[in-house]
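upload.cif, holding mmCIF, C-alpha atoms:
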data_data
loop_
_atom_site.label_atom_id
_atom_site.label_comp_id
_atom_site.auth_asym_id
_atom_site.auth_seq_id
_atom_site.Cartn_x
_atom_site.Cartn_y
_atom_site.Cartn_z
CA MET A 1 -12.86 71.79 -81.56
CA ASP A 2 -13.74 68.16 -81.93
CA ASP A 3 -10.33 67.06 -83.09
CA GLU A 4 -9.01 67.74 -79.59
CA ALA A 5 -9.54 65.33 -76.73
CA PRO A 6 -12.36 66.44 -74.38
CA SER A 7 -11.30 68.22 -71.20
CA PRO A 8 -11.01 66.02 -68.14
CA TYR A 9 -13.19 68.54 -66.27
CA ILE A 10 -16.74 69.69 -66.84
CA LYS A 11 -18.88 72.40 -65.34
CA LEU A 12 -22.21 71.81 -63.64
CA ILE A 13 -24.32 74.91 -62.99
CA SER A 14 -27.09 74.99 -60.42
CA ALA A 15 -30.46 76.77 -60.67
CA GLU A 16 -29.00 79.78 -58.83
CA GLY A 17 -26.06 79.97 -61.20
CA HIS A 18 -23.39 78.48 -58.97
CA GLU A 19 -20.75 76.71 -61.03
CA PHE A 20 -19.08 73.49 -59.98
CA VAL A 21 -16.05 72.29 -61.93
CA ILE A 22 -15.69 68.58 -61.44
CA ASP A 23 -13.89 65.60 -62.85
CA ARG A 24 -15.59 64.28 -66.01
CA LYS A 25 -15.15 60.68 -64.90
CA CYS A 26 -16.84 61.36 -61.56
CA ALA A 27 -19.71 63.18 -63.23
CA SER A 28 -20.23 60.20 -65.52
CA SER A 29 -21.46 58.29 -62.46
CA SER A 30 -24.74 59.89 -63.47
CA GLY A 31 -26.24 58.16 -66.47
CA THR A 32 -28.03 61.36 -67.41
CA ILE A 33 -24.92 63.54 -67.30
CA LYS A 34 -22.92 60.92 -69.17
CA ALA A 35 -25.53 60.86 -71.93
CA MET A 36 -25.71 64.66 -72.06
CA LEU A 37 -21.96 64.98 -72.54
CA GLY A 38 -22.05 62.66 -75.53
CA GLY A 39 -23.84 63.43 -78.74
CA SER A 40 -24.42 66.70 -80.52
CA PHE A 41 -26.28 68.76 -77.92
CA SER A 42 -25.12 72.07 -76.46
CA GLU A 43 -23.96 70.22 -73.32
CA SER A 44 -21.31 68.38 -75.31
CA SER A 45 -19.13 71.49 -74.79
CA GLY A 46 -18.72 70.32 -71.17
CA GLU A 47 -21.09 72.75 -69.48
CA ILE A 48 -24.47 71.62 -68.14
CA ARG A 49 -26.99 73.95 -66.57
CA PHE A 50 -29.59 72.39 -64.25
CA GLN A 51 -32.44 74.85 -64.06
CA GLU A 52 -34.30 72.91 -61.39
CA ILE A 53 -31.56 71.63 -59.13
CA SER A 54 -30.66 74.03 -56.33
CA THR A 55 -27.10 74.72 -55.22
CA PRO A 56 -27.09 72.69 -51.98
CA ILE A 57 -28.67 69.72 -53.72
CA LEU A 58 -26.23 69.84 -56.62
CA GLU A 59 -23.36 70.13 -54.19
CA LYS A 60 -24.56 67.05 -52.32
CA VAL A 61 -24.96 65.15 -55.56
CA ILE A 62 -21.40 66.00 -56.57
CA GLN A 63 -20.16 64.87 -53.17
CA TYR A 64 -21.92 61.59 -53.88
CA PHE A 65 -20.14 61.26 -57.24
CA TYR A 66 -16.76 61.45 -55.56
CA TYR A 67 -17.91 59.14 -52.76
CA LYS A 68 -19.02 56.56 -55.31
CA ILE A 69 -15.80 56.71 -57.29
CA ARG A 70 -13.72 56.55 -54.12
CA TYR A 71 -15.40 53.51 -52.65
CA SER A 72 -16.46 51.49 -55.70
CA ASN A 73 -14.53 48.21 -55.82
CA SER A 74 -12.80 49.19 -52.62
CA SER A 75 -11.68 46.73 -50.00
CA VAL A 76 -11.65 49.27 -47.17
CA ARG A 77 -14.60 49.77 -44.88
CA ILE A 78 -17.11 52.06 -46.65
CA PRO A 79 -18.32 54.92 -44.47
CA GLU A 80 -21.95 55.96 -44.54
CA PHE A 81 -22.89 58.78 -46.89
CA ASP A 82 -24.61 61.31 -44.66
CA ILE A 83 -27.83 62.87 -45.90
CA ASP A 84 -29.62 65.57 -43.98
CA PRO A 85 -33.30 64.50 -43.67
CA GLU A 86 -34.39 68.01 -44.62
CA ILE A 87 -32.96 67.67 -48.11
CA ALA A 88 -33.72 63.97 -48.54
CA LEU A 89 -36.82 64.40 -50.70
CA GLU A 90 -35.27 67.01 -52.96
CA LEU A 91 -32.13 64.92 -53.19
CA LEU A 92 -34.19 61.87 -54.12
CA MET A 93 -35.84 63.78 -56.93
CA ALA A 94 -32.50 65.02 -58.21
CA ALA A 95 -31.07 61.50 -58.03
CA ASN A 96 -34.02 60.22 -60.05
CA PHE A 97 -33.51 62.97 -62.60
CA LEU A 98 -29.78 62.29 -62.86
CA ASP A 99 -30.07 58.48 -62.79
CA CYS A 100 -27.45 58.00 -60.09
CA MET B 1 -47.40 49.66 -82.46
CA ALA B 2 -50.83 49.87 -80.81
CA ALA B 3 -51.76 53.00 -78.84
CA SER B 4 -52.14 52.37 -75.14
CA SER B 5 -54.70 53.92 -72.83
CA SER B 6 -53.85 56.78 -70.51
CA SER B 7 -55.51 58.08 -67.39
CA LYS B 8 -55.38 61.56 -68.92
CA GLU B 9 -57.01 62.40 -72.21
CA CYS B 10 -54.72 62.86 -75.16
CA GLY B 11 -54.99 66.33 -76.61
CA ASP B 12 -54.28 67.98 -73.28
CA PRO B 13 -53.03 71.50 -74.28
CA TRP B 14 -49.94 71.30 -72.10
CA PHE B 15 -49.08 67.84 -73.41
CA GLU B 16 -49.58 68.95 -77.00
CA ALA B 17 -47.38 72.04 -76.49
CA GLU B 18 -44.59 70.02 -74.90
CA TRP B 19 -44.88 67.38 -77.58
CA ALA B 20 -44.66 69.99 -80.35
CA ARG B 21 -41.46 71.34 -78.77
CA LEU B 22 -39.96 67.87 -78.51
CA ARG B 23 -41.02 66.97 -82.02
CA SER B 24 -39.31 70.01 -83.48
CA SER B 25 -36.15 69.22 -81.51
CA PHE B 26 -35.98 65.79 -83.18
CA GLY B 27 -35.66 67.46 -86.54
CA GLU B 28 -33.14 69.98 -85.25
CA ILE B 29 -30.73 67.64 -83.55
CA VAL B 30 -30.32 65.06 -86.30
CA PRO B 31 -28.51 67.20 -88.89
CA ALA B 32 -25.83 68.05 -86.29
CA THR B 33 -22.85 65.81 -86.84
CA SER B 34 -19.99 64.78 -84.64
CA SER B 35 -17.99 67.76 -85.93
CA SER B 36 -20.52 70.31 -84.75
CA SER B 37 -22.79 70.79 -81.76
CA SER B 38 -26.40 71.88 -81.88
CA SER B 39 -27.57 74.81 -79.78
CA VAL B 40 -30.36 72.63 -78.43
CA SER B 41 -30.09 72.06 -74.69
CA ARG B 42 -30.51 68.47 -73.83
CA GLU B 43 -31.15 69.26 -70.19
CA GLU B 44 -34.26 71.25 -71.11
CA LEU B 45 -35.58 68.50 -73.35
CA TYR B 46 -34.77 65.82 -70.80
CA ARG B 47 -36.60 67.81 -68.13
CA SER B 48 -39.56 68.25 -70.44
CA VAL B 49 -39.74 64.49 -70.97
CA GLU B 50 -39.41 63.91 -67.24
CA ASP B 51 -42.25 66.32 -66.53
CA LEU B 52 -44.48 64.59 -69.07
CA CYS B 53 -43.73 61.19 -67.55
CA VAL B 54 -44.22 62.36 -63.96
CA GLU B 55 -47.54 63.97 -64.92
CA GLY B 56 -48.82 60.65 -66.27
CA PHE B 57 -48.32 61.16 -69.99
CA ALA B 58 -45.62 58.50 -70.42
CA SER B 59 -47.71 56.10 -72.48
CA ASP B 60 -49.07 58.88 -74.71
CA LEU B 61 -45.55 60.19 -75.24
CA TYR B 62 -44.27 56.72 -76.02
CA ASP B 63 -47.03 56.21 -78.59
CA ARG B 64 -46.24 59.53 -80.26
CA VAL B 65 -42.52 58.80 -80.36
CA ALA B 66 -43.08 55.30 -81.77
CA LYS B 67 -45.39 56.70 -84.47
CA THR B 68 -42.84 59.39 -85.30
CA LEU B 69 -40.14 56.78 -85.72
CA TYR B 70 -42.36 54.72 -87.99
CA ALA B 71 -43.36 57.73 -90.09
CA SER B 72 -39.70 58.62 -90.50
CA ALA B 73 -38.80 55.05 -91.51
CA GLU B 74 -41.69 54.89 -93.94
CA GLU B 75 -40.65 58.16 -95.55
CA LYS B 76 -37.19 56.71 -96.20
CA THR B 77 -38.34 53.37 -97.58
CA LYS B 78 -40.90 55.01 -99.84
CA ALA B 79 -38.13 57.18 -101.29
CA LEU B 80 -36.12 54.11 -102.33
CA ASP B 81 -36.23 53.14 -105.98
CA VAL B 82 -36.67 49.37 -106.16
CA THR B 83 -35.58 49.45 -109.81
CA ALA B 84 -32.33 51.21 -108.93
CA GLY B 85 -30.29 48.12 -109.81
CA GLU B 86 -26.62 48.75 -109.05
CA THR B 87 -27.23 51.43 -106.42
CA LEU B 88 -30.13 49.84 -104.53
CA LEU B 89 -27.98 48.29 -101.81
CA ALA B 90 -26.12 51.53 -101.19
CA GLU B 91 -29.39 53.45 -100.99
CA VAL B 92 -30.91 50.98 -98.54
CA ALA B 93 -27.74 51.06 -96.43
CA TRP B 94 -27.82 54.86 -96.40
CA ALA B 95 -31.50 54.92 -95.39
CA TRP B 96 -30.79 52.48 -92.56
CA ARG B 97 -27.81 54.48 -91.32
CA ARG B 98 -29.85 57.66 -91.33
CA HIS B 99 -32.74 56.00 -89.53
CA ARG B 100 -30.43 54.65 -86.83
CA ARG B 101 -28.96 58.09 -86.27
CA GLU B 102 -32.41 59.56 -85.91
CA THR B 103 -33.48 56.79 -83.54
CA GLU B 104 -30.37 57.34 -81.46
CA ALA B 105 -31.04 61.08 -81.29
CA VAL B 106 -34.68 60.53 -80.27
CA ALA B 107 -33.70 57.94 -77.68
CA ALA B 108 -31.10 60.35 -76.30
CA ILE B 109 -33.70 63.10 -75.92
CA CYS B 110 -36.27 60.72 -74.42
CA LEU B 111 -33.81 58.97 -72.12
CA TYR B 112 -36.05 59.45 -69.10
CA LEU B 113 -39.00 57.91 -70.96
CA ASP B 114 -36.82 54.95 -71.92
CA ARG B 115 -35.58 54.15 -68.45
CA SER B 116 -38.76 54.92 -66.52
CA TYR B 117 -41.38 53.55 -68.88
CA ALA B 118 -40.29 51.97 -72.14
CA LEU B 119 -37.80 49.45 -70.81
CA LYS B 120 -40.20 48.45 -68.04
CA ARG B 121 -43.47 48.17 -69.92
CA ALA B 122 -42.70 48.11 -73.61
CA VAL B 123 -39.70 47.76 -75.89
CA GLY B 124 -36.95 50.34 -75.52
CA LEU B 125 -36.90 53.24 -77.94
CA ARG B 126 -33.91 51.94 -79.89
CA GLU B 127 -35.63 48.61 -80.42
CA ALA B 128 -38.84 50.48 -81.29
CA GLY B 129 -36.85 52.30 -83.97
CA ASP B 130 -35.60 48.97 -85.36
CA LEU B 131 -39.13 47.55 -85.40
CA ALA B 132 -40.37 50.68 -87.18
CA PHE B 133 -37.78 50.30 -89.94
CA ARG B 134 -38.52 46.59 -90.24
CA ARG B 135 -42.21 47.27 -90.67
CA ALA B 136 -41.55 50.03 -93.20
CA LEU B 137 -39.15 47.84 -95.19
CA LEU B 138 -41.55 44.91 -95.37
CA GLY B 139 -44.47 47.19 -96.09
CA GLU B 140 -42.94 48.79 -99.17
CA ALA B 141 -44.07 46.91 -102.26
CA GLY B 142 -41.27 45.15 -104.10
CA LEU B 143 -38.50 46.44 -101.84
CA GLU B 144 -37.90 43.22 -99.92
CA ALA B 145 -37.71 41.14 -103.11
CA ALA B 146 -35.41 43.62 -104.87
CA LEU B 147 -33.14 43.89 -101.85
CA VAL B 148 -32.90 40.12 -101.42
CA ALA B 149 -32.22 39.56 -105.12
CA LYS B 150 -29.45 42.13 -105.22
CA ALA B 151 -27.81 40.92 -101.99
CA ARG B 152 -27.98 37.37 -103.29
CA ASP B 153 -26.23 38.38 -106.51
CA VAL B 154 -23.41 40.04 -104.60
CA ALA B 155 -23.10 37.05 -102.27
CA ARG B 156 -22.75 34.76 -105.27
CA GLY B 157 -19.88 36.88 -106.48
CA LYS B 158 -21.65 38.35 -109.47
CA GLY B 159 -19.85 41.57 -110.23
CA PRO B 160 -16.30 42.80 -110.64
CA PRO B 161 -13.92 41.86 -107.81
CA GLY B 162 -13.41 44.46 -105.10
CA ASN B 163 -16.55 46.33 -106.09
CA THR B 164 -18.13 48.82 -103.73
CA GLU B 165 -21.38 46.88 -103.81
CA GLU B 166 -19.82 44.39 -101.40
CA ALA B 167 -19.54 46.99 -98.65
CA ALA B 168 -23.17 48.03 -99.16
CA ALA B 169 -24.26 44.37 -99.29
CA LYS B 170 -22.46 43.70 -96.03
CA GLU B 171 -24.19 46.64 -94.41
CA CYS B 172 -27.56 45.44 -95.71
CA CYS B 173 -26.94 41.91 -94.45
CA ASP B 174 -25.99 43.29 -91.03
CA MET B 175 -29.14 45.42 -91.14
CA LEU B 176 -31.28 42.37 -91.94
CA SER B 177 -29.63 40.50 -89.05
CA GLN B 178 -30.37 43.38 -86.68
CA LEU B 179 -34.01 43.37 -87.86
CA ASP B 180 -34.31 39.58 -87.40
CA LEU B 181 -34.93 39.19 -91.13
CA TYR B 182 -31.67 37.74 -92.41
CA ALA B 183 -32.27 34.16 -91.29
CA GLU B 184 -35.81 34.34 -92.59
CA ILE B 185 -35.56 35.93 -96.04
CA LEU B 186 -31.97 35.87 -97.26
CA GLU B 187 -29.82 33.20 -95.64
CA PRO B 188 -31.89 30.23 -96.90
CA LEU B 189 -31.50 31.45 -100.49
CA ILE B 190 -27.77 32.05 -100.14
CA LEU B 191 -27.26 28.60 -98.66
CA ARG B 192 -29.35 27.02 -101.38
CA ASP B 193 -27.25 28.73 -104.05
CA ALA B 194 -24.06 27.55 -102.33
CA ARG B 195 -25.27 23.97 -101.97
CA ASP B 196 -26.32 23.86 -105.63
CA ALA B 197 -22.91 25.13 -106.72
CA TYR B 198 -21.00 22.74 -104.47
CA ALA B 199 -23.21 19.81 -105.50
CA ALA B 200 -22.53 20.53 -109.17
CA GLU B 201 -18.82 20.65 -108.43
CA GLY B 202 -19.10 17.38 -106.52
CA ARG B 203 -20.84 15.70 -109.47
CA ARG B 204 -18.08 16.94 -111.78
CA LEU B 205 -15.51 15.45 -109.42
CA SER B 206 -17.31 12.10 -109.41
CA PHE B 207 -17.39 12.04 -113.19
CA GLN B 208 -13.73 13.02 -113.39
CA VAL B 209 -12.62 10.30 -111.00
CA SER B 210 -14.72 7.58 -112.58
CA ALA B 211 -13.52 8.52 -116.06
CA ALA B 212 -9.91 9.07 -115.05
CA THR B 213 -7.20 7.35 -116.99
CA THR B 214 -4.40 9.22 -115.30
CA THR B 215 -1.55 7.38 -113.68
CA ASP B 216 -0.38 10.50 -111.84
CA LEU B 217 -2.42 9.89 -108.72
CA ALA B 218 -0.30 12.26 -106.64
CA SER B 219 -1.25 15.15 -108.94
CA GLU B 220 -4.88 14.02 -108.91
CA ALA B 221 -4.87 14.09 -105.11
CA ALA B 222 -3.15 17.47 -105.08
CA ALA B 223 -5.79 18.89 -107.45
CA TYR B 224 -8.60 17.59 -105.25
CA SER B 225 -6.96 19.00 -102.12
CA SER B 226 -6.51 22.34 -103.82
CA LEU B 227 -10.15 22.39 -104.96
CA VAL B 228 -11.51 21.74 -101.45
CA SER B 229 -9.13 24.19 -99.79
CA SER B 230 -9.90 26.95 -102.27
CA THR B 231 -13.65 26.33 -101.96
CA LEU B 232 -13.44 26.59 -98.17
CA ALA B 233 -11.37 29.74 -98.48
CA GLU B 234 -13.88 31.23 -100.92
CA ALA B 235 -16.73 30.45 -98.49
CA ASP B 236 -14.82 32.17 -95.68
CA ALA B 237 -14.13 35.15 -97.94
CA ARG B 238 -17.84 35.52 -98.67
CA VAL B 239 -18.56 35.70 -94.96
CA ASP B 240 -15.69 38.09 -94.28
CA GLY B 241 -16.73 40.32 -97.16
CA VAL B 242 -20.51 40.24 -97.19
CA LEU B 243 -22.36 37.73 -95.05
CA PRO B 244 -22.94 37.67 -91.29
CA GLU B 245 -20.72 35.41 -89.21
CA ARG B 246 -23.61 33.06 -88.43
CA THR B 247 -23.58 31.81 -92.04
CA ARG B 248 -19.96 30.61 -91.89
CA PRO B 249 -20.57 27.19 -90.32
CA PHE B 250 -23.45 26.50 -92.73
CA LEU B 251 -21.33 27.30 -95.78
CA ARG B 252 -18.44 25.18 -94.52
CA ALA B 253 -20.86 22.34 -93.79
CA ALA B 254 -22.15 22.60 -97.37
CA VAL B 255 -18.58 22.24 -98.68
CA GLU B 256 -18.06 19.21 -96.46
CA ASP B 257 -21.35 17.62 -97.49
CA HIS B 258 -20.74 17.93 -101.23
CA LEU B 259 -16.99 17.96 -101.72
CA VAL B 260 -15.42 16.26 -98.72
CA ALA B 261 -17.76 13.55 -97.46
CA PRO B 262 -18.35 11.87 -100.86
CA HIS B 263 -14.74 12.06 -102.08
CA ALA B 264 -12.13 12.39 -99.34
CA ALA B 265 -12.06 8.75 -98.29
CA ARG B 266 -11.84 7.52 -101.88
CA ALA B 267 -9.15 10.06 -102.74
CA PHE B 268 -7.07 9.08 -99.72
CA ALA B 269 -7.33 5.35 -100.32
CA ARG B 270 -6.74 5.69 -104.06
CA CYS B 271 -3.81 8.08 -103.91
CA PHE B 272 -2.09 7.20 -100.64
CA GLU B 273 0.66 5.04 -102.08
CA ALA B 274 1.46 7.58 -104.80
CA LEU B 275 1.64 10.39 -102.28
CA VAL B 276 3.95 8.39 -100.00
CA ASP B 277 6.25 7.57 -102.88
CA ALA B 278 6.23 11.22 -104.09
CA LYS B 279 6.82 12.36 -100.49
CA ARG B 280 3.87 14.75 -100.74
CA ASP B 281 3.35 15.21 -96.99
CA ASP B 282 1.53 18.50 -97.65
CA VAL B 283 -1.21 16.82 -99.68
CA LEU B 284 -1.36 13.90 -97.28
CA GLY B 285 -1.87 16.35 -94.44
CA ASP B 286 -4.71 18.08 -96.32
CA LEU B 287 -6.46 14.81 -97.12
CA TYR B 288 -6.11 13.64 -93.53
CA ALA B 289 -7.62 16.94 -92.36
CA PHE B 290 -10.59 16.34 -94.69
CA LEU B 291 -11.04 12.87 -93.25
CA ARG B 292 -11.01 14.34 -89.78
CA ARG B 293 -13.73 16.84 -90.73
CA VAL B 294 -16.06 14.00 -91.68
CA ALA B 295 -14.90 11.65 -88.88
CA ALA B 296 -13.39 9.15 -91.32
CA THR B 297 -9.81 8.84 -90.08
CA ASP B 298 -10.21 5.05 -90.00
CA VAL B 299 -9.75 5.22 -93.76
CA ALA B 300 -6.22 6.53 -93.22
CA LYS B 301 -5.50 3.81 -90.70
CA LYS B 302 -6.63 1.15 -93.13
CA ALA B 303 -4.70 2.64 -96.04
CA VAL B 304 -1.47 2.70 -94.01
CA LYS B 305 -2.04 -0.82 -92.77
CA ASP B 306 -2.83 -2.20 -96.25
CA LEU B 307 0.22 -0.55 -97.78
CA ALA B 308 2.44 -1.64 -94.90
CA VAL B 309 1.30 -5.23 -95.29
CA ALA B 310 1.84 -5.10 -99.06
CA ARG B 311 5.29 -3.59 -98.71
CA ALA B 312 6.26 -6.00 -95.95
CA ALA B 313 5.22 -8.93 -98.15
CA ALA B 314 7.16 -7.53 -101.09
CA THR B 315 10.22 -7.04 -98.91
CA LEU B 316 10.12 -10.62 -97.66
CA ASN B 317 9.56 -12.08 -101.12
CA GLU B 318 12.36 -10.11 -102.67
CA GLY B 319 14.73 -10.54 -99.75
CA LYS B 320 15.29 -6.79 -99.49
CA PRO B 321 15.97 -5.10 -96.16
CA GLY B 322 12.68 -3.67 -94.79
CA GLY B 323 12.77 -0.13 -93.62
CA ALA B 324 9.69 0.98 -95.56
CA VAL B 325 7.22 -0.57 -93.11
CA GLY B 326 8.73 1.30 -90.22
CA ASP B 327 8.59 4.50 -92.28
CA LEU B 328 4.91 3.92 -92.98
CA LEU B 329 4.06 3.42 -89.33
CA HIS B 330 6.02 6.52 -88.47
CA LEU B 331 4.11 8.45 -91.16
CA TYR B 332 0.78 7.33 -89.72
CA LYS B 333 1.75 8.74 -86.34
CA ARG B 334 2.80 11.99 -88.01
CA LEU B 335 -0.38 12.46 -90.06
CA PRO B 336 -2.24 14.62 -87.50
CA SER B 337 0.70 16.99 -87.34
CA LEU B 338 0.69 17.37 -91.14
CA CYS B 339 -2.80 18.93 -91.12
#
Rewrite the structure of this file - the entire thing - as structure tokens.
Amino acid sequence: MDDEAPSPYIKLISAEGHEFVIDRKCASSSGTIKAMLGGSFSESSGEIRFQEISTPILEKVIQYFYYKIRYSNSSVRIPEFDIDPEIALELLMAANFLDC
Amino acid sequence: MAASSSSKECGDPWFEAEWARLRSSFGEIVPATSSSSSSVSREELYRSVEDLCVEGFASDLYDRVAKTLYASAEEKTKALDVTAGETLLAEVAWAWRRHRRETEAVAAICLYLDRSYALKRAVGLREAGDLAFRRALLGEAGLEAALVAKARDVARGKGPPGNTEEAAAKECCDMLSQLDLYAEILEPLILRDARDAYAAEGRRLSFQVSAATTTDLASEAAAYSSLVSSTLAEADARVDGVLPERTRPFLRAAVEDHLVAPHAARAFARCFEALVDAKRDDVLGDLYAFLRRVAATDVAKKAVKDLAVARAAATLNEGKPGGAVGDLLHLYKRLPSLC
């Protein structure tokens, strides 16, 4: 298993069981996810289950990952990342948890 | 590491239960190697640490983790046999490697604690692990002295060439550097040994030169050049093989102090004419490089000038065509490129 290169995609699973397959490099925008994928834990297989992050929040976080990768070191005008005020607090807590 | 106060009393049942779960995970995750994954979920452990921190138990958790790291380090250093002799360095290196792996695993599990508490109000967990091993190493009776003595022996080259002790000694020296102990307990002794050896060699050189009856000054200069070059190379090899990079300039300075500064100028002045006549540009280049190391290139200038004047006078007196003076001046200009 570990002689092969890791897959370029990983799977993030929300509290409700929804699975999101995303680019490993984008997911590594989160310090927490990046650390989980390294090392000898069960998550090193490329599948991380977040028991306390709901589906809409996880989806928004993943959108942010792609937004960050897209516009980091970019010379084009960076559009605002829209956040619905209703999810702001929960999103803040998730961002704190994921270190992103 | 002193325990810090907490707004909540230690011994809280929930805290103790969570701590017990974390503590058992430390022992479970370490044996897993890069070729196998543990079944332990890092997300669960990370969340547990986050919950403890959010609920105000960060300082208690940090204290427990720091004490665990120290207990683990102490267990390893106590298990070392200070009379092990040949294998001591390898055993210490192994203990250090194991401790670092454990610290890394603990820091990985307690990542939230590190970034939200430790790095802001105390030392990070990785550094705490280093400090724990340092304290355990210094606290074990006789271990520091035995380790230093053995590392010193290997650094002095005592032992068969290419022995495996060198790799272990290098690892131990790197460990001591990481623990801020190398400069304090080992480097001064290694430098003292080197200076003593180079000083003895320098005294032998002085005796040899003063007692010399040889007329083959070119060979004498070549031997001196070879001695200094090989001593410098040997010093570099000791750093490449065993010692930390920071020791390199000190060792080279010791060679310069005892072998170059007292002898290079005299060797150049004494042997210059012979080297010119023997067309030994290689040795001339080496000697000029030594003069440059000790900022004494004026000696070369004077030697060229003196010889040029002498040869010019001889040429005039004997009525021979003078091309030698021009050659000497040309050589002086070329000296830096011969180094």
Considering only C-alpha atoms, state which residue in the set B:Tyr198, B:Tyr182, B:Tyr46, B:Phe133 is at the smallest distance from A:Glu43.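 Among B:Tyr198, B:Tyr182, B:Tyr46, B:Phe133, it is B:Tyr46 that comes nearest to A:Glu43.
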Let me know the residues the PyMOL selection byres ((chain A) within 10 of (chain B)) catches in the file above, as a compact mmCIF listing (two decimals) with C-alpha atoms, keeping the file's coordinate frame.
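Just written: result-v8.txt:
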# COMPACT_ATOMS: atom_id res chain seq x y z
CA MET A 1 -12.86 71.79 -81.56
CA ASP A 2 -13.74 68.16 -81.93
CA ASP A 3 -10.33 67.06 -83.09
CA GLY A 31 -26.24 58.16 -66.47
CA THR A 32 -28.03 61.36 -67.41
CA ILE A 33 -24.92 63.54 -67.30
CA ALA A 35 -25.53 60.86 -71.93
CA MET A 36 -25.71 64.66 -72.06
CA LEU A 37 -21.96 64.98 -72.54
CA GLY A 38 -22.05 62.66 -75.53
CA GLY A 39 -23.84 63.43 -78.74
CA SER A 40 -24.42 66.70 -80.52
CA PHE A 41 -26.28 68.76 -77.92
CA SER A 42 -25.12 72.07 -76.46
CA GLU A 43 -23.96 70.22 -73.32
CA SER A 44 -21.31 68.38 -75.31
CA SER A 45 -19.13 71.49 -74.79
CA ILE A 48 -24.47 71.62 -68.14
CA ARG A 49 -26.99 73.95 -66.57
CA PHE A 50 -29.59 72.39 -64.25
CA GLN A 51 -32.44 74.85 -64.06
CA GLU A 52 -34.30 72.91 -61.39
CA ASN A 96 -34.02 60.22 -60.05
CA PHE A 97 -33.51 62.97 -62.60
CA LEU A 98 -29.78 62.29 -62.86
CA ASP A 99 -30.07 58.48 -62.79
Using only C-alpha atoms, determine which residues lie at most 9 Å from B:Val294, disregarding the query and same-chain residues fewer than 6 positions distant; provide the list as a ChimeraX atom specification. /B:256-257,260-261,264
Leaving out stretch 20-24 of chain B and any residue of its chain fewer than 4 positions from it, which residues lie within 9 Å of it when counting only C-alpha atoms, given as an mmCIF file with C-alpha atoms, in the coordinates of the input?
data_model
loop_
_atom_site.group_PDB
_atom_site.id
_atom_site.type_symbol
_atom_site.label_atom_id
_atom_site.label_comp_id
_atom_site.auth_asym_id
_atom_site.auth_seq_id
_atom_site.Cartn_x
_atom_site.Cartn_y
_atom_site.Cartn_z
ATOM 1 C CA PHE B 15 -49.080 67.840 -73.410
ATOM 2 C CA GLU B 16 -49.580 68.950 -77.000
ATOM 3 C CA GLU B 28 -33.140 69.980 -85.250
ATOM 4 C CA ILE B 29 -30.730 67.640 -83.550
ATOM 5 C CA LEU B 45 -35.580 68.500 -73.350
ATOM 6 C CA SER B 48 -39.560 68.250 -70.440
ATOM 7 C CA VAL B 49 -39.740 64.490 -70.970
ATOM 8 C CA VAL B 65 -42.520 58.800 -80.360
ATOM 9 C CA THR B 68 -42.840 59.390 -85.300
ATOM 10 C CA ILE B 109 -33.700 63.100 -75.920
#
Out of B:Arg192, B:Arg126, B:Ala93, B:Ala274, which residue has the shortest atom-to-atom distance to B:Leu176 when counting all atoms listed in the file? B:Ala93
Using only C-alpha atoms: which of B:Phe207, B:Phe26, B:Trp96, B:Tyr62 has the shortest distance to B:Cys172: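 Nearest candidate to B:Cys172 out of B:Phe207, B:Phe26, B:Trp96, B:Tyr62: B:Trp96.
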Protein, DNA and RNA residues within 12 Å of (-47.9, 66.3, -67.3), all atoms listed in the file, as a PDB file with C-alpha atoms, keeping the file's coordinate frame:
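Written out: out-v3.pdb:
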ATOM      1  CA  SER B   6     -53.850  56.780 -70.510  1.00  0.00           C
ATOM      2  CA  SER B   7     -55.510  58.080 -67.390  1.00  0.00           C
ATOM      3  CA  LYS B   8     -55.380  61.560 -68.920  1.00  0.00           C
ATOM      4  CA  GLU B   9     -57.010  62.400 -72.210  1.00  0.00           C
ATOM      5  CA  CYS B  10     -54.720  62.860 -75.160  1.00  0.00           C
ATOM      6  CA  GLY B  11     -54.990  66.330 -76.610  1.00  0.00           C
ATOM      7  CA  ASP B  12     -54.280  67.980 -73.280  1.00  0.00           C
ATOM      8  CA  PRO B  13     -53.030  71.500 -74.280  1.00  0.00           C
ATOM      9  CA  TRP B  14     -49.940  71.300 -72.100  1.00  0.00           C
ATOM     10  CA  PHE B  15     -49.080  67.840 -73.410  1.00  0.00           C
ATOM     11  CA  GLU B  16     -49.580  68.950 -77.000  1.00  0.00           C
ATOM     12  CA  ALA B  17     -47.380  72.040 -76.490  1.00  0.00           C
ATOM     13  CA  GLU B  18     -44.590  70.020 -74.900  1.00  0.00           C
ATOM     14  CA  TRP B  19     -44.880  67.380 -77.580  1.00  0.00           C
ATOM     15  CA  ARG B  47     -36.600  67.810 -68.130  1.00  0.00           C
ATOM     16  CA  SER B  48     -39.560  68.250 -70.440  1.00  0.00           C
ATOM     17  CA  VAL B  49     -39.740  64.490 -70.970  1.00  0.00           C
ATOM     18  CA  GLU B  50     -39.410  63.910 -67.240  1.00  0.00           C
ATOM     19  CA  ASP B  51     -42.250  66.320 -66.530  1.00  0.00           C
ATOM     20  CA  LEU B  52     -44.480  64.590 -69.070  1.00  0.00           C
ATOM     21  CA  CYS B  53     -43.730  61.190 -67.550  1.00  0.00           C
ATOM     22  CA  VAL B  54     -44.220  62.360 -63.960  1.00  0.00           C
ATOM     23  CA  GLU B  55     -47.540  63.970 -64.920  1.00  0.00           C
ATOM     24  CA  GLY B  56     -48.820  60.650 -66.270  1.00  0.00           C
ATOM     25  CA  PHE B  57     -48.320  61.160 -69.990  1.00  0.00           C
ATOM     26  CA  ALA B  58     -45.620  58.500 -70.420  1.00  0.00           C
ATOM     27  CA  SER B  59     -47.710  56.100 -72.480  1.00  0.00           C
ATOM     28  CA  ASP B  60     -49.070  58.880 -74.710  1.00  0.00           C
ATOM     29  CA  LEU B  61     -45.550  60.190 -75.240  1.00  0.00           C
TER      30      LEU B  61
END
